[in-house]
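Engineer: Compact mmCIF, C-alpha atoms, saved as input_26.txt, coming up:
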```
# COMPACT_ATOMS: atom_id res chain seq x y z
CA MET K 1 -21.58 14.45 30.17
CA PHE K 2 -22.77 17.51 32.14
CA LEU K 3 -19.56 17.51 34.21
CA ALA K 4 -17.42 17.01 31.12
CA ILE K 5 -18.99 19.93 29.22
CA LYS K 6 -18.90 22.23 32.25
CA GLU K 7 -15.21 21.57 32.81
CA MET K 8 -14.41 22.13 29.12
CA LYS K 9 -16.22 25.49 29.21
CA TYR K 10 -14.21 26.45 32.30
CA ALA K 11 -10.83 25.55 30.75
CA LYS K 12 -11.50 26.75 27.20
CA LEU K 13 -7.88 27.41 26.25
CA ARG K 14 -6.63 24.04 27.48
CA TYR K 15 -9.27 21.99 25.71
CA GLY K 16 -9.23 24.31 22.70
CA LEU K 17 -5.58 23.40 22.20
CA ILE K 18 -6.40 19.68 22.20
CA ILE K 19 -9.29 20.23 19.78
CA GLY K 20 -6.97 22.25 17.54
CA ILE K 21 -4.43 19.45 17.39
CA MET K 22 -7.21 16.92 16.80
CA PHE K 23 -8.50 19.11 13.98
CA LEU K 24 -5.09 19.40 12.30
CA ILE K 25 -4.43 15.65 12.38
CA ALA K 26 -7.93 14.82 11.16
CA TYR K 27 -7.59 17.44 8.41
CA VAL K 28 -4.40 15.77 7.18
CA VAL K 29 -6.19 12.39 7.27
CA PHE K 30 -9.03 13.63 5.06
CA MET K 31 -6.72 15.46 2.67
CA LEU K 32 -4.51 12.38 2.27
CA SER K 33 -7.62 10.25 1.81
CA GLY K 34 -8.88 12.60 -0.92
CA LEU K 35 -5.52 12.61 -2.70
CA ALA K 36 -5.21 8.81 -2.47
CA SER K 37 -8.73 8.37 -3.83
CA GLY K 38 -8.12 10.92 -6.57
CA LEU K 39 -4.92 9.25 -7.71
CA ALA K 40 -6.56 5.82 -7.61
CA GLU K 41 -9.45 7.11 -9.73
CA GLU K 42 -7.10 8.63 -12.29
CA PHE K 43 -5.25 5.33 -12.52
CA LYS K 44 -8.29 3.16 -13.22
CA LYS K 45 -11.31 5.26 -14.21
CA ALA K 46 -11.16 4.30 -17.89
CA ILE K 47 -11.18 0.62 -16.91
CA ASP K 48 -14.15 1.12 -14.60
CA ASP K 49 -15.96 2.90 -17.43
CA TRP K 50 -15.69 -0.22 -19.60
CA GLY K 51 -18.35 -1.95 -17.54
CA ALA K 52 -16.46 -5.21 -18.08
CA GLN K 53 -16.14 -8.29 -15.89
CA GLU K 54 -12.96 -9.94 -17.17
CA ILE K 55 -9.94 -9.28 -19.37
CA VAL K 56 -7.81 -11.81 -21.24
CA LEU K 57 -4.05 -11.27 -21.54
CA SER K 58 -1.15 -13.38 -22.75
CA GLU K 59 0.04 -15.61 -19.93
CA ASP K 60 3.67 -14.50 -20.23
CA ALA K 61 2.73 -10.83 -19.65
CA ASN K 62 2.78 -11.21 -15.86
CA GLN K 63 -0.67 -9.56 -15.72
CA VAL K 64 0.71 -6.34 -17.24
CA PHE K 65 -1.50 -4.77 -19.92
CA ALA K 66 1.29 -3.19 -21.96
CA ALA K 67 3.37 -6.41 -21.90
CA SER K 68 0.55 -8.59 -23.23
CA GLN K 69 0.86 -9.47 -26.90
CA LEU K 70 -2.09 -11.15 -28.61
CA THR K 71 -3.40 -11.18 -32.16
CA ARG K 72 -6.82 -10.45 -33.56
CA GLY K 73 -7.13 -14.14 -34.36
CA ASP K 74 -7.05 -14.93 -30.63
CA LEU K 75 -10.46 -13.29 -30.35
CA ASP K 76 -12.01 -16.50 -31.71
CA GLN K 77 -10.50 -18.48 -28.82
CA VAL K 78 -12.37 -16.46 -26.19
CA ASN K 79 -15.96 -17.55 -25.72
CA ALA K 80 -18.11 -14.78 -24.27
CA LYS K 81 -21.46 -13.23 -25.14
CA GLU K 82 -19.92 -9.77 -25.47
CA LYS K 83 -16.20 -9.34 -26.10
CA ALA K 84 -13.96 -6.69 -27.61
CA PRO K 85 -10.31 -6.58 -28.72
CA ILE K 86 -8.29 -3.71 -27.36
CA GLY K 87 -4.85 -2.28 -27.97
CA LEU K 88 -2.88 0.08 -25.73
CA PHE K 89 -0.50 2.86 -26.74
CA SER K 90 1.01 5.52 -24.51
CA GLY K 91 2.48 8.60 -26.11
CA ALA K 92 2.46 12.36 -26.22
CA ILE K 93 0.58 14.78 -28.44
CA LYS K 94 2.91 16.78 -30.66
CA GLY K 95 2.61 20.49 -31.17
CA LYS K 96 2.08 23.53 -29.00
CA ASN K 97 0.24 21.78 -26.17
CA LYS K 98 2.26 18.66 -25.45
CA GLU K 99 0.42 16.23 -23.23
CA ASN K 100 0.81 12.56 -22.41
CA VAL K 101 -2.17 10.48 -23.53
CA THR K 102 -3.31 6.86 -23.57
CA VAL K 103 -4.68 5.65 -26.89
CA PHE K 104 -6.98 2.62 -26.91
CA GLY K 105 -7.66 0.87 -30.19
CA THR K 106 -10.84 -1.20 -30.61
CA THR K 107 -13.78 -1.73 -32.95
CA ASN K 108 -16.31 1.09 -33.33
CA ASP K 109 -19.13 -1.12 -32.01
CA ALA K 110 -17.30 -2.41 -28.92
CA PHE K 111 -19.39 -2.50 -25.75
CA LEU K 112 -16.60 -0.82 -23.78
CA LEU K 113 -16.65 2.43 -25.75
CA PRO K 114 -17.87 5.49 -23.81
CA LYS K 115 -21.02 7.41 -24.66
CA ILE K 116 -20.33 10.33 -27.00
CA THR K 117 -21.42 13.70 -25.58
CA ASP K 118 -20.37 15.82 -28.55
CA GLY K 119 -19.77 14.81 -32.16
CA ARG K 120 -19.90 11.19 -33.30
CA MET K 121 -18.17 7.83 -33.04
CA PHE K 122 -15.13 7.17 -35.24
CA ASP K 123 -15.94 5.15 -38.37
CA LYS K 124 -12.97 5.81 -40.64
CA LYS K 125 -9.22 5.38 -40.38
CA ASN K 126 -7.33 8.19 -38.62
CA GLU K 127 -10.46 9.36 -36.76
CA ILE K 128 -10.35 9.55 -32.97
CA ILE K 129 -12.57 10.45 -30.04
CA ILE K 130 -11.09 12.16 -26.99
CA SER K 131 -12.04 12.55 -23.32
CA GLN K 132 -13.43 15.85 -22.06
CA ASN K 133 -10.43 16.44 -19.79
CA LEU K 134 -8.24 16.49 -22.90
CA ALA K 135 -10.67 18.60 -24.89
CA GLN K 136 -11.22 21.35 -22.35
CA ASP K 137 -9.74 24.64 -23.55
CA GLN K 138 -7.30 22.78 -25.84
CA TYR K 139 -8.97 20.75 -28.57
CA LYS K 140 -12.32 20.75 -30.32
CA LEU K 141 -14.18 18.78 -32.94
CA GLY K 142 -12.44 18.88 -36.29
CA ASP K 143 -8.98 19.56 -34.88
CA GLN K 144 -6.13 17.42 -36.17
CA ILE K 145 -3.39 16.23 -33.85
CA LYS K 146 -0.24 14.13 -34.13
CA ILE K 147 0.71 11.57 -31.51
CA GLY K 148 4.09 10.02 -30.75
CA SER K 149 6.53 9.61 -33.63
CA ASP K 150 3.79 9.10 -36.24
CA ASP K 151 3.56 11.91 -38.79
CA GLN K 152 -0.05 11.05 -39.63
CA ALA K 153 -2.62 13.60 -38.42
CA PHE K 154 -5.63 12.23 -36.55
CA THR K 155 -8.98 14.02 -36.76
CA ILE K 156 -11.08 14.55 -33.62
CA VAL K 157 -14.67 13.52 -34.45
CA GLY K 158 -16.12 12.99 -30.97
CA ILE K 159 -15.79 13.89 -27.30
CA PHE K 160 -16.81 11.74 -24.34
CA PRO K 161 -16.92 12.36 -20.55
CA ALA K 162 -13.66 12.97 -18.71
CA THR K 163 -11.70 9.86 -17.84
CA TYR K 164 -8.13 8.72 -17.16
CA TYR K 165 -5.87 5.72 -17.48
CA THR K 166 -2.71 5.79 -15.32
CA VAL K 167 -3.23 9.51 -14.75
CA SER K 168 -3.35 10.46 -18.43
CA PRO K 169 -6.30 11.50 -20.63
CA VAL K 170 -7.78 8.85 -22.91
CA ILE K 171 -8.26 8.62 -26.67
CA TYR K 172 -10.17 5.88 -28.54
CA THR K 173 -9.71 4.95 -32.19
CA ASP K 174 -10.18 1.95 -34.47
CA LEU K 175 -7.77 -0.98 -34.59
CA GLU K 176 -6.32 -0.04 -37.98
CA THR K 177 -5.42 3.46 -36.82
CA TRP K 178 -4.03 2.12 -33.53
CA THR K 179 -1.91 -0.49 -35.35
CA GLN K 180 -0.47 2.20 -37.63
CA LEU K 181 0.23 4.47 -34.66
CA LYS K 182 2.03 1.79 -32.66
CA TYR K 183 3.71 -0.31 -35.36
CA GLY K 184 3.97 2.07 -38.30
CA ALA K 185 4.06 0.54 -41.79
CA GLN K 186 5.15 -2.89 -40.52
CA PRO K 187 3.56 -5.57 -42.75
CA PHE K 188 1.46 -8.42 -41.36
CA ALA K 189 0.59 -11.70 -43.08
CA SER K 190 -3.15 -11.23 -42.51
CA ASP K 191 -5.64 -9.31 -40.38
CA ASP K 192 -5.71 -12.23 -37.92
CA LYS K 193 -1.98 -11.79 -37.35
CA LYS K 194 -2.26 -8.11 -36.51
CA PRO K 195 -1.50 -7.45 -32.83
CA ILE K 196 -3.71 -6.41 -29.97
CA ASN K 197 -2.94 -6.26 -26.25
CA ALA K 198 -6.00 -7.83 -24.68
CA ILE K 199 -9.57 -9.03 -25.05
CA VAL K 200 -12.19 -7.53 -22.73
CA THR K 201 -15.42 -9.40 -21.91
CA LYS K 202 -18.62 -8.08 -20.40
CA GLN K 203 -19.44 -11.42 -18.77
CA SER K 204 -17.34 -14.32 -17.57
CA ALA K 205 -15.37 -15.84 -20.44
CA ALA K 206 -14.17 -19.32 -21.34
CA ILE K 207 -10.86 -19.81 -23.17
CA ASP K 208 -10.43 -22.36 -25.95
CA LYS K 209 -6.68 -22.95 -25.93
CA ASP K 210 -6.69 -24.85 -29.22
CA GLY K 211 -5.66 -22.54 -32.02
CA ALA K 212 -4.57 -19.62 -29.86
CA SER K 213 -1.31 -17.96 -30.86
CA LYS K 214 -0.06 -18.34 -27.28
CA ASP K 215 -1.28 -19.26 -23.80
CA LEU K 216 -4.01 -16.96 -22.57
CA GLN K 217 -4.83 -15.85 -19.04
CA LYS K 218 -8.04 -14.23 -17.86
CA LEU K 219 -8.32 -11.86 -14.92
CA THR K 220 -11.28 -10.27 -13.21
CA ILE K 221 -11.31 -6.51 -13.64
CA PRO K 222 -10.57 -5.85 -9.91
CA ASP K 223 -7.52 -8.16 -10.09
CA PHE K 224 -6.43 -6.49 -13.32
CA ILE K 225 -6.67 -3.04 -11.71
CA GLU K 226 -4.57 -4.21 -8.76
CA SER K 227 -1.88 -5.35 -11.21
CA LEU K 228 -1.57 -1.91 -12.85
CA PRO K 229 2.06 -0.77 -12.40
CA GLY K 230 2.34 1.49 -9.38
CA TYR K 231 -1.34 1.29 -8.42
CA SER K 232 -1.06 -0.98 -5.38
CA ALA K 233 2.22 0.54 -4.16
CA GLN K 234 0.78 4.05 -4.36
CA ASN K 235 -2.39 3.11 -2.48
CA MET K 236 -0.52 1.16 0.18
CA THR K 237 1.87 4.07 0.80
CA LEU K 238 -0.83 6.73 1.16
CA ASN K 239 -3.14 4.47 3.18
CA ALA K 240 -0.26 3.55 5.50
CA MET K 241 0.23 7.26 6.20
CA VAL K 242 -3.48 7.59 7.03
CA TYR K 243 -3.40 4.56 9.35
CA PHE K 244 -0.29 5.91 11.08
CA LEU K 245 -2.13 9.16 11.77
CA PHE K 246 -4.82 7.18 13.60
CA LEU K 247 -2.12 6.06 16.04
CA VAL K 248 -0.91 9.66 16.33
CA VAL K 249 -4.43 10.76 17.30
CA ALA K 250 -4.62 8.11 20.04
CA ALA K 251 -1.18 9.11 21.33
CA VAL K 252 -1.82 12.86 21.28
CA VAL K 253 -5.24 12.70 22.95
CA GLY K 254 -3.92 10.14 25.43
CA ILE K 255 -0.94 12.29 26.42
CA PHE K 256 -2.97 15.49 26.77
CA MET K 257 -5.71 13.82 28.79
CA TYR K 258 -3.10 12.14 30.99
CA VAL K 259 -1.38 15.47 31.71
CA ILE K 260 -4.72 17.13 32.45
CA THR K 261 -5.66 14.24 34.74
CA LEU K 262 -2.42 14.61 36.70
CA GLN K 263 -3.08 18.34 37.08
CA LYS K 264 -6.51 17.58 38.54
CA THR K 265 -5.37 14.97 41.07
CA ALA K 266 -6.36 17.16 44.03
CA ILE K 267 -9.80 17.82 42.53
CA PHE K 268 -10.36 14.11 41.99
CA GLY K 269 -9.30 13.50 45.59
CA VAL K 270 -11.94 15.95 46.83
CA MET K 271 -14.57 14.38 44.60
CA LYS K 272 -13.76 10.91 45.90
CA ALA K 273 -13.87 12.20 49.49
CA GLN K 274 -17.40 13.42 48.75
CA GLY K 275 -18.39 9.91 47.68
CA ILE K 276 -18.21 10.31 43.91
CA ARG K 277 -17.30 6.99 42.36
CA ASN K 278 -14.38 6.26 40.01
CA SER K 279 -16.80 5.16 37.29
CA PHE K 280 -18.50 8.58 37.27
CA ILE K 281 -15.18 10.42 36.93
CA ALA K 282 -14.01 7.96 34.26
CA LYS K 283 -17.20 8.49 32.25
CA SER K 284 -16.62 12.23 32.41
CA LEU K 285 -13.08 11.78 31.09
CA ILE K 286 -14.26 9.57 28.22
CA ALA K 287 -17.03 12.05 27.43
CA GLN K 288 -14.45 14.82 27.14
CA SER K 289 -12.37 12.71 24.74
CA PHE K 290 -15.49 12.02 22.66
CA VAL K 291 -16.48 15.71 22.50
CA ILE K 292 -12.92 16.66 21.54
CA GLY K 293 -13.06 14.06 18.76
CA VAL K 294 -16.47 15.14 17.47
CA ILE K 295 -15.58 18.84 17.29
CA GLY K 296 -12.11 18.24 15.83
CA VAL K 297 -13.34 15.77 13.19
CA ALA K 298 -16.37 17.87 12.20
CA LEU K 299 -14.19 20.95 11.67
CA ALA K 300 -11.64 18.85 9.73
CA VAL K 301 -14.31 17.43 7.37
CA LEU K 302 -15.64 20.92 6.69
CA ALA K 303 -12.17 22.37 6.12
CA ALA K 304 -11.09 19.50 3.84
CA TYR K 305 -14.27 19.81 1.77
CA LEU K 306 -13.83 23.58 1.40
CA THR K 307 -10.17 23.09 0.48
CA SER K 308 -11.18 20.65 -2.28
CA LEU K 309 -13.23 23.40 -3.91
CA PHE K 310 -10.11 25.52 -4.44
CA LEU K 311 -7.63 22.84 -5.51
CA PRO K 312 -6.33 23.16 -9.08
CA SER K 313 -7.85 20.75 -11.59
CA ALA K 314 -4.41 19.24 -12.20
CA MET K 315 -4.35 17.94 -8.61
CA PRO K 316 -6.23 14.63 -8.34
CA PHE K 317 -8.66 14.76 -5.42
CA ALA K 318 -11.78 12.68 -4.90
CA ILE K 319 -14.23 12.62 -2.00
CA PHE K 320 -15.96 9.38 -1.15
CA TRP K 321 -18.32 10.24 1.68
CA THR K 322 -18.68 6.65 2.86
CA GLN K 323 -14.91 6.46 3.29
CA TRP K 324 -14.81 9.81 5.09
CA LEU K 325 -17.62 8.66 7.36
CA LEU K 326 -15.65 5.50 8.16
CA TYR K 327 -12.48 7.49 8.88
CA SER K 328 -14.49 9.89 11.07
CA GLY K 329 -15.73 6.93 13.11
CA VAL K 330 -12.21 5.54 13.45
CA LEU K 331 -10.86 8.92 14.56
CA LEU K 332 -13.58 9.19 17.21
CA VAL K 333 -12.82 5.69 18.46
CA VAL K 334 -9.07 6.30 18.72
CA ALA K 335 -9.70 9.64 20.45
CA VAL K 336 -11.81 7.87 23.07
CA VAL K 337 -9.20 5.12 23.39
CA GLY K 338 -6.61 7.80 24.01
CA GLY K 339 -8.73 9.13 26.87
CA VAL K 340 -9.18 5.65 28.34
CA PHE K 341 -5.45 5.48 29.07
CA SER K 342 -5.91 8.02 31.88
CA ILE K 343 -8.59 6.07 33.74
CA ARG K 344 -6.01 4.05 35.67
CA THR K 345 -4.56 7.32 37.00
CA ILE K 346 -8.00 8.24 38.37
CA THR K 347 -8.48 4.90 40.10
CA LYS K 348 -5.09 5.24 41.83
CA VAL K 349 -5.88 8.64 43.34
CA ASP K 350 -6.02 8.43 47.14
CA PRO K 351 -8.39 11.11 48.52
CA ILE K 352 -6.35 11.71 51.69
CA THR K 353 -3.03 12.02 49.86
CA ALA K 354 -4.50 14.10 47.06
CA ILE K 355 -5.93 16.76 49.38
CA GLY K 356 -2.76 16.89 51.45
CA GLY K 357 -3.90 14.81 54.42
```
Before we go any further, please render this structure as structure tokens.

Structural biologist:
Amino acid sequence: MFLAIKEMKYAKLRYGLIIGIMFLIAYVVFMLSGLASGLAEEFKKAIDDWGAQEIVLSEDANQVFAASQLTRGDLDQVNAKEKAPIGLFSGAIKGKNKENVTVFGTTNDAFLLPKITDGRMFDKKNEIIISQNLAQDQYKLGDQIKIGSDDQAFTIVGIFPATYYTVSPVIYTDLETWTQLKYGAQPFASDDKKPINAIVTKQSAAIDKDGASKDLQKLTIPDFIESLPGYSAQNMTLNAMVYFLFLVVAAVVGIFMYVITLQKTAIFGVMKAQGIRNSFIAKSLIAQSFVIGVIGVALAVLAAYLTSLFLPSAMPFAIFWTQWLLYSGVLLVVAVVGGVFSIRTITKVDPITAIGG
């Protein structure tokens, strides 16, 4: 390590260039990781907030929430200690500040409802509660808004912590209001025949297929999240870019260290002529790769974190330190692997030839 550090201090510009490139690649890795995590959170945060274990959909929905069509009567066919019907509607708020929102309809005592931070829970028709990210600087308690094509005004009676579903703010209301919003004045034979999209359970559920309006299928919440349209494809694409950058790091460090090794062939020849072993020189080379990785990654983590502080709130960005720690370790490993490629060049150096004998 002493030899490695001494040489790096001597050739500051050369090794500074490698560290700079390492820093830039690692910075892109952490920024992409933050964006991928932020997008993933905004896709599924509302579902995570439910604190549920399973969800029941219609079997013909192909595990798609919006495509699932159940009725309130199907709730009796799901045996679970805690369960809640839920309906899904995606639309846009009318008026001056148009914004896409996701409206969930459920009962006002459902276990999946968020904790109210301001105001109260809805208990009448046409009352809604909204997430903080929708409320901020736009709406407040008592405001009335219109959603989608419905001309009915909905009154905001409560606000809960910021959350998202498929990158849109969330609204909760009761089933009657949700049914009116989605289906209008369409008549139904009875309350049991009124539609819902799914049934969410806090524990594992058992399905009694006798009497159900159609075949039911239950999914664990992680499997349900993976089936969200676009969720898996988005994550795979961004993660593939991150993994590709790991290969770029190995290639870049490997190429630079190889070029530097070739430039120092004569020096290695002199060192070997003095009795210094290949293993000692190889350890010095690996130590240099490790130091380059440590400095480059540390600077990249700091720069990415500082950048996150100045990103606009509309840009989804989330930092998971355990993930960043893992990626830092991987970057260090691939940097060292890149340096290992040059060891063979060292072992092939002939002292006599190298010093011009």

Engineer: What does the distance between CA of Tyr183 in chain K and CA of Gly95 in chain K come to in Å, to one decimal place?

Structural biologist: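 Atom-to-atom, CA of Tyr183 in chain K and CA of Gly95 in chain K are spaced 21.2 Å apart.
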
Engineer: Quick one: of K:Ile47, K:Ala110, K:Leu219, K:Leu245, who's nearest to Tyr27 in chain K, counting all atoms listed in the file?

Structural biologist: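 Counting all atoms listed in the file, the residue closest to Tyr27 in chain K is K:Leu245.
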
Engineer: Using only C-alpha atoms, I'd like a table of the residues in range 288-336 of chain K that come within 8 Å of range 247-264 of chain K; for each, show the closest atom pair and its distance in Å rounded to one decimal, ordered by chain and ascending number, as a Markdown table.

Structural biologist:
```
| residue | atom | partner | partner_atom | distance |
| --- | --- | --- | --- | --- |
| K:Ser289 | CA | K:Val253 | CA | 7.4 |
| K:Leu331 | CA | K:Val249 | CA | 7.2 |
| K:Val334 | CA | K:Ala250 | CA | 5.0 |
| K:Ala335 | CA | K:Ala250 | CA | 5.3 |
| K:Val336 | CA | K:Ala250 | CA | 7.8 |
```

Engineer: Write out as a VMD selection string the residues lying within 8 Å of Val64 in chain K, counting only C-alpha atoms and excluding same-chain residues fewer than 2 positions away.

Structural biologist: chain K and resid 61 to 62 66 to 68 227 to 229

Engineer: Just give me the gap between CA of Ala46 in chain K and CA of Thr237 in chain K in Å, one decimal is fine.

Structural biologist: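 Distance between the two atoms: 22.8 Å.
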
Engineer: Using 8 Å of padding on each side, determine the axis-aligned box around all atoms of range 137-149 of chain K present in the file and give its centre and edge lengths in Å to one decimal, as lines of an AutoDock Vina configuration file.

Structural biologist:
```
center_x = -3.8
center_y = 17.1
center_z = -29.9
size_x = 36.7
size_y = 31.0
size_z = 28.7
```

Engineer: When you count only C-alpha atoms, which of these residues is closest to Arg277 in chain K: K:Gln203, K:Lys98, K:Thr347, K:Val294?

Structural biologist: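 Between K:Gln203, K:Lys98, K:Thr347, K:Val294, the residue approaching Arg277 in chain K most closely is K:Thr347.
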
Engineer: Residues within 10 Å of Tyr139 in chain K, please, as a list of chain:residue names. Count only C-alpha atoms; anything in the same chain fewer than 4 positions from it doesn't count.

Structural biologist: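 Skipping anything fewer than 4 positions along the chain leaves K:Asn97, K:Ile130, K:Gln132, K:Asn133, K:Leu134, K:Ala135, K:Asp143, K:Gln144, K:Ile145, K:Ile156, K:Ile159.
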
Engineer: Set the distance at 6 Å and use only C-alpha atoms: which residues neighbour range 72-83 of chain K once local chain neighbours fewer than 3 positions away are removed? I'd like the list as a PyMOL selection string.

Structural biologist: chain K and resi 192+194+200-202+205-208+212

Engineer: CA of Asn239 in chain K and CA of Ser313 in chain K, how far apart in Å?

Structural biologist: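 For CA of Ser313 in chain K relative to CA of Asn239 in chain K, the distance reads 22.5 Å.
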
Engineer: Give me, as a list in words, all polymer residues having an atom no more than 7 Å from Gly38 in chain K, counting all atoms listed in the file and skipping those fewer than 4 positions away in the same chain.

Structural biologist: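 My list of contacting residues is Gly34, Glu42, Pro316, Phe317 and Ala318 of chain K.
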
Engineer: What's around Phe122 in chain K at 10 Å? Count all atoms listed in the file, leave out sequence neighbours fewer than 5 positions away in its own chain, and write the answer as a PDB file with C-alpha atoms, in the frame of the given file.

Structural biologist:
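Here's the written file part-v9.pdb:
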```
ATOM      1  CA  THR K 107     -13.780  -1.730 -32.950  1.00  0.00           C
ATOM      2  CA  ASN K 108     -16.310   1.090 -33.330  1.00  0.00           C
ATOM      3  CA  ASP K 109     -19.130  -1.120 -32.010  1.00  0.00           C
ATOM      4  CA  GLU K 127     -10.460   9.360 -36.760  1.00  0.00           C
ATOM      5  CA  ILE K 128     -10.350   9.550 -32.970  1.00  0.00           C
ATOM      6  CA  ILE K 129     -12.570  10.450 -30.040  1.00  0.00           C
ATOM      7  CA  THR K 155      -8.980  14.020 -36.760  1.00  0.00           C
ATOM      8  CA  ILE K 156     -11.080  14.550 -33.620  1.00  0.00           C
ATOM      9  CA  VAL K 157     -14.670  13.520 -34.450  1.00  0.00           C
ATOM     10  CA  GLY K 158     -16.120  12.990 -30.970  1.00  0.00           C
ATOM     11  CA  TYR K 172     -10.170   5.880 -28.540  1.00  0.00           C
ATOM     12  CA  THR K 173      -9.710   4.950 -32.190  1.00  0.00           C
ATOM     13  CA  ASP K 174     -10.180   1.950 -34.470  1.00  0.00           C
TER      14      ASP K 174
END
```

Engineer: Smallest atom-to-atom distance to Val28 in chain K: which of K:Leu285, K:Leu238, K:Ile147, K:Val340, using all atoms listed in the file?

Structural biologist: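 Of K:Leu285, K:Leu238, K:Ile147, K:Val340, the one nearest Val28 in chain K, counting all atoms listed in the file, is K:Leu238.
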
Engineer: So, with only C-alpha atoms as the atoms that count, which of K:Met31, K:Ile221, K:Ile25, K:Gln63 lies closest to Ser308 in chain K?

Structural biologist: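 Among the listed residues, K:Met31 lies closest to Ser308 in chain K.
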
Engineer: Between K:Ser149, K:Lys182, K:Ile196, K:Ala26, single out the one closest to Thr106 in chain K, counting only C-alpha atoms.

Structural biologist: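 Checking each of K:Ser149, K:Lys182, K:Ile196, K:Ala26 against Thr106 in chain K, counting only C-alpha atoms, the winner is K:Ile196.
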
Engineer: So, with only C-alpha atoms as the atoms that count, which of K:Leu13, K:Ile343, K:Ala36, K:Leu24 lies closest to Asn278 in chain K?

Structural biologist: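 The closest residue to Asn278 in chain K is K:Ile343.
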